[in-house]
Amino acid sequence: MKVDVISPYGYCAGVISALNKAKKAKAIHPDADIYLLGMLVHNEETVEELSKLGLKVIDEKKVDLLEALRGIEEGSYVIFSAHGHPKAYEEIARERKIKTIDSTCVFVKENEEAALSDLSKGKKVIYLGSKGHLETTGFLANVKAASFFDVKAKTLEKRKPLGETTDPIVYSQTTLSLDEVNMALDILKGRYPNLTLGRLRCHSTTLRQNAILSLPNEVEAVIVLGSKTSNNSVKLFELAKRRNKPAFLCLNKEEVRKLDLKRFSYVALASGASTSRENFFAVKEYLESL
Ligand code: SF4
């Protein structure tokens, strides 16, 4: 089978940095209780690997992170995820004498800082995001004066009045899909014709999505490696389906092996930002052996 490799592949820079910080913390403090507040990366296999190292993972989909933070024992360590967090969490940790390690991705931080800077100059800001995602929760908590456009509900929540503004600056969650951003901009431009764009999707997300959109027509199917809990992997899968050819979202080689791929001779292999290179190359090798 011929396999087109979609670049970039493997973990993104933000995930690599977060994983290194978590592993280093455990190596330096082997006997300490170290909690990952929110899924450090949205990938079940990677999280299992971290759990085996003795790191305690707190899943934001199962428990309220603020409550979980308040329940952590004094003297423990907490690692904030690559997706960001409300700054108020840092104050709570300080009061409770919990040590913190911040693994927030630089792109997430830069989005918040740029939006705060625009607001300080009297500009209005609208943030596009997926309600409940860690990054969106963090941004809205830290940039309180931003209005929020929920890409799932397709509605603008005016947390702060936009008044007679016609030229707000639009920011977005780094892992949204091109389709989601375009849909939101189409709606918003009807109301705010002079809007301008601030920082939107991150480099890693944009390159992977663009590569899928520019695949040659001869590619018969696209396999996206990533977790169903990973926003950017799901977005790659949705874009791949837009080609009107088969597309699959699989966590690993075991799941790919269950697919009926005999009918294809030319496929493309993509991966979300929370999929390891080892996983990627194991699947590539398997596909090429078919
Ligand atoms: S997907 Fe982008 S913003 Fe998110 S951690 Fe990776 S590089 Fe950072």
# chains A, B, ... in the order shown; residues from 1 in each chain; ligands from 1
>>> residues_around(residues="Thr275 (chain A)", least_positions_apart="5", cutoff="7 Å", atoms="only C-alpha atoms", output="mmCIF file with C-alpha atoms, in the first residue's frame")
data_model
loop_
_atom_site.group_PDB
_atom_site.id
_atom_site.type_symbol
_atom_site.label_atom_id
_atom_site.label_comp_id
_atom_site.auth_asym_id
_atom_site.auth_seq_id
_atom_site.Cartn_x
_atom_site.Cartn_y
_atom_site.Cartn_z
ATOM 1 C CA GLY A 10 3.774 13.232 16.183
ATOM 2 C CA TYR A 11 3.305 15.350 19.279
ATOM 3 C CA ASN A 43 -4.580 10.576 24.391
ATOM 4 C CA LEU A 225 -4.316 8.690 14.345
ATOM 5 C CA GLY A 226 -5.592 10.222 17.547
#
>>> residues_around(residues="region 17-29 of chain A", least_positions_apart="4", cutoff="9 Å", atoms="only C-alpha atoms", output="list in words")
Cys12, Ala13, Asp33, Ile34, Leu36, Leu40, Val41, Leu50, Leu53, Gly54, Leu55, Tyr77, Ile79, Phe80, Ser81, Ala82, Ile101, Asp102, Ser103, Thr104 and Cys105 of chain A
>>> atom_distance(atom1="CA of Gly132 (chain A)", atom2="CA of Ala115 (chain A)")
19.8 Å
>>> closest_residue(among="A:Lys189, A:Arg159, A:Lys124, A:His133", to="ligand 1", atoms="only C-alpha atoms and all ligand atoms")
A:His133
>>> residues_around(residues="region 259-265 of chain A", least_positions_apart="6", cutoff="9 Å", atoms="only C-alpha atoms", output="PyMOL selection string")
chain A and resi 1-3+219-221+248+287+290
>>> residues_near_ligand(ligand="ligand 1", cutoff="6 Å", atoms="only C-alpha atoms and all ligand atoms", output="ChimeraX atom specification")
/A:12-15,82,105,107-108,174-175,202,204-205,273
>>> residues_around(residues="region 199-201 of chain A", least_positions_apart="5", cutoff="7 Å", atoms="only C-alpha atoms", output="list of chain:residue names")
A:Asn111, A:Tyr171, A:Ser172, A:Gln173, A:Thr174, A:Thr175, A:Leu176, A:Thr206
>>> select_by_dssp(residues="region 221-256 of chain A", states="alpha helix (DSSP H)", output="list in words")
Asn231, Asn232, Ser233, Val234, Lys235, Leu236, Phe237, Glu238, Leu239, Ala240, Lys241, Lys253, Glu254, Glu255 and Val256 of chain A
>>> atom_distance(atom1="CA of Ala268 (chain A)", atom2="CA of Ile16 (chain A)")
23.9 Å
>>> atom_distance(atom1="CA of Val57 (chain A)", atom2="CA of Glu112 (chain A)")
25.4 Å
>>> select_by_dssp(residues="region 147-224 of chain A", states="strand (DSSP E or B)", output="VMD selection string")
chain A and resid 147 to 150 155 to 157 169 to 172 196 to 197 221 to 224
>>> write_last_selection(atoms="N, CA and C atoms", output="short mmCIF file (atom, residue, chain, number, x, y, z; two decimals), in the first residue's frame")
data_model
loop_
_atom_site.label_atom_id
_atom_site.label_comp_id
_atom_site.auth_asym_id
_atom_site.auth_seq_id
_atom_site.Cartn_x
_atom_site.Cartn_y
_atom_site.Cartn_z
N SER A 147 -15.93 38.88 24.74
CA SER A 147 -17.20 38.21 24.45
C SER A 147 -16.87 36.83 23.89
N PHE A 148 -17.87 35.94 23.90
CA PHE A 148 -17.59 34.54 23.53
C PHE A 148 -18.54 34.05 22.44
N PHE A 149 -17.97 33.53 21.36
CA PHE A 149 -18.77 32.87 20.32
C PHE A 149 -18.54 31.37 20.45
N ASP A 150 -19.62 30.65 20.79
CA ASP A 150 -19.54 29.20 20.97
C ASP A 150 -19.72 28.51 19.61
N THR A 155 -23.54 30.51 18.59
CA THR A 155 -24.16 31.71 19.17
C THR A 155 -23.10 32.58 19.85
N LEU A 156 -23.37 33.88 19.83
CA LEU A 156 -22.48 34.83 20.49
C LEU A 156 -23.03 35.14 21.87
N GLU A 157 -22.24 34.84 22.89
CA GLU A 157 -22.65 35.16 24.25
C GLU A 157 -22.01 36.49 24.60
N ILE A 169 -11.95 42.66 17.55
CA ILE A 169 -10.85 41.79 17.12
C ILE A 169 -11.20 40.36 17.53
N VAL A 170 -11.04 39.44 16.60
CA VAL A 170 -11.47 38.05 16.85
C VAL A 170 -10.25 37.16 17.14
N TYR A 171 -10.33 36.44 18.26
CA TYR A 171 -9.32 35.44 18.63
C TYR A 171 -9.99 34.08 18.64
N SER A 172 -9.18 32.99 18.65
CA SER A 172 -9.83 31.68 18.73
C SER A 172 -9.01 30.67 19.51
N THR A 196 -11.61 42.55 12.70
CA THR A 196 -10.26 42.16 12.24
C THR A 196 -9.86 40.88 12.96
N LEU A 197 -8.85 40.22 12.43
CA LEU A 197 -8.43 38.95 13.01
C LEU A 197 -7.23 39.14 13.92
N ALA A 221 -8.27 7.03 0.77
CA ALA A 221 -8.80 7.08 2.14
C ALA A 221 -7.79 7.80 3.04
N VAL A 222 -8.29 8.37 4.13
CA VAL A 222 -7.41 9.05 5.10
C VAL A 222 -7.57 8.37 6.46
N ILE A 223 -6.44 8.03 7.06
CA ILE A 223 -6.46 7.49 8.42
C ILE A 223 -5.88 8.56 9.34
N VAL A 224 -6.66 8.98 10.33
CA VAL A 224 -6.17 9.96 11.31
C VAL A 224 -5.89 9.21 12.60
#
>>> residues_around(residues="Asn252 (chain A)", least_positions_apart="5", cutoff="12 Å", atoms="only C-alpha atoms", output="list in words")
Asn43, Glu44, Glu45, Thr46, Ile223, Val224, Leu225, Gly226, Ser227, Lys228, Arg257, Lys258, Leu259, Leu269, Ala270, Ser271, Gly272, Ser274, Thr275, Ser276, Arg277, Glu278, Asn279, Phe280, Phe281, Ala282, Val283, Lys284 and Tyr286 of chain A
>>> residues_around(residues="Ile72 (chain A)", least_positions_apart="6", cutoff="12 Å", atoms="only C-alpha atoms", output="JSON, numbers by chain")
{"A": [33, 34, 35, 36, 37, 56, 58, 65, 66, 78, 92, 93, 94, 95, 96, 97, 98, 99, 100]}
>>> closest_residue(among="A:Pro193, A:Pro86, A:Gly122, A:Pro216", to="Thr136 (chain A)", atoms="only C-alpha atoms")
A:Pro86
>>> closest_residue(among="A:Lys61, A:Arg208, A:Lys154, A:Ala247", to="Asp186 (chain A)", atoms="only C-alpha atoms")
A:Lys154
>>> closest_residue(among="A:Lys87, A:Lys121, A:Tyr192, A:Glu48", to="Val143 (chain A)", atoms="only C-alpha atoms")
A:Lys87
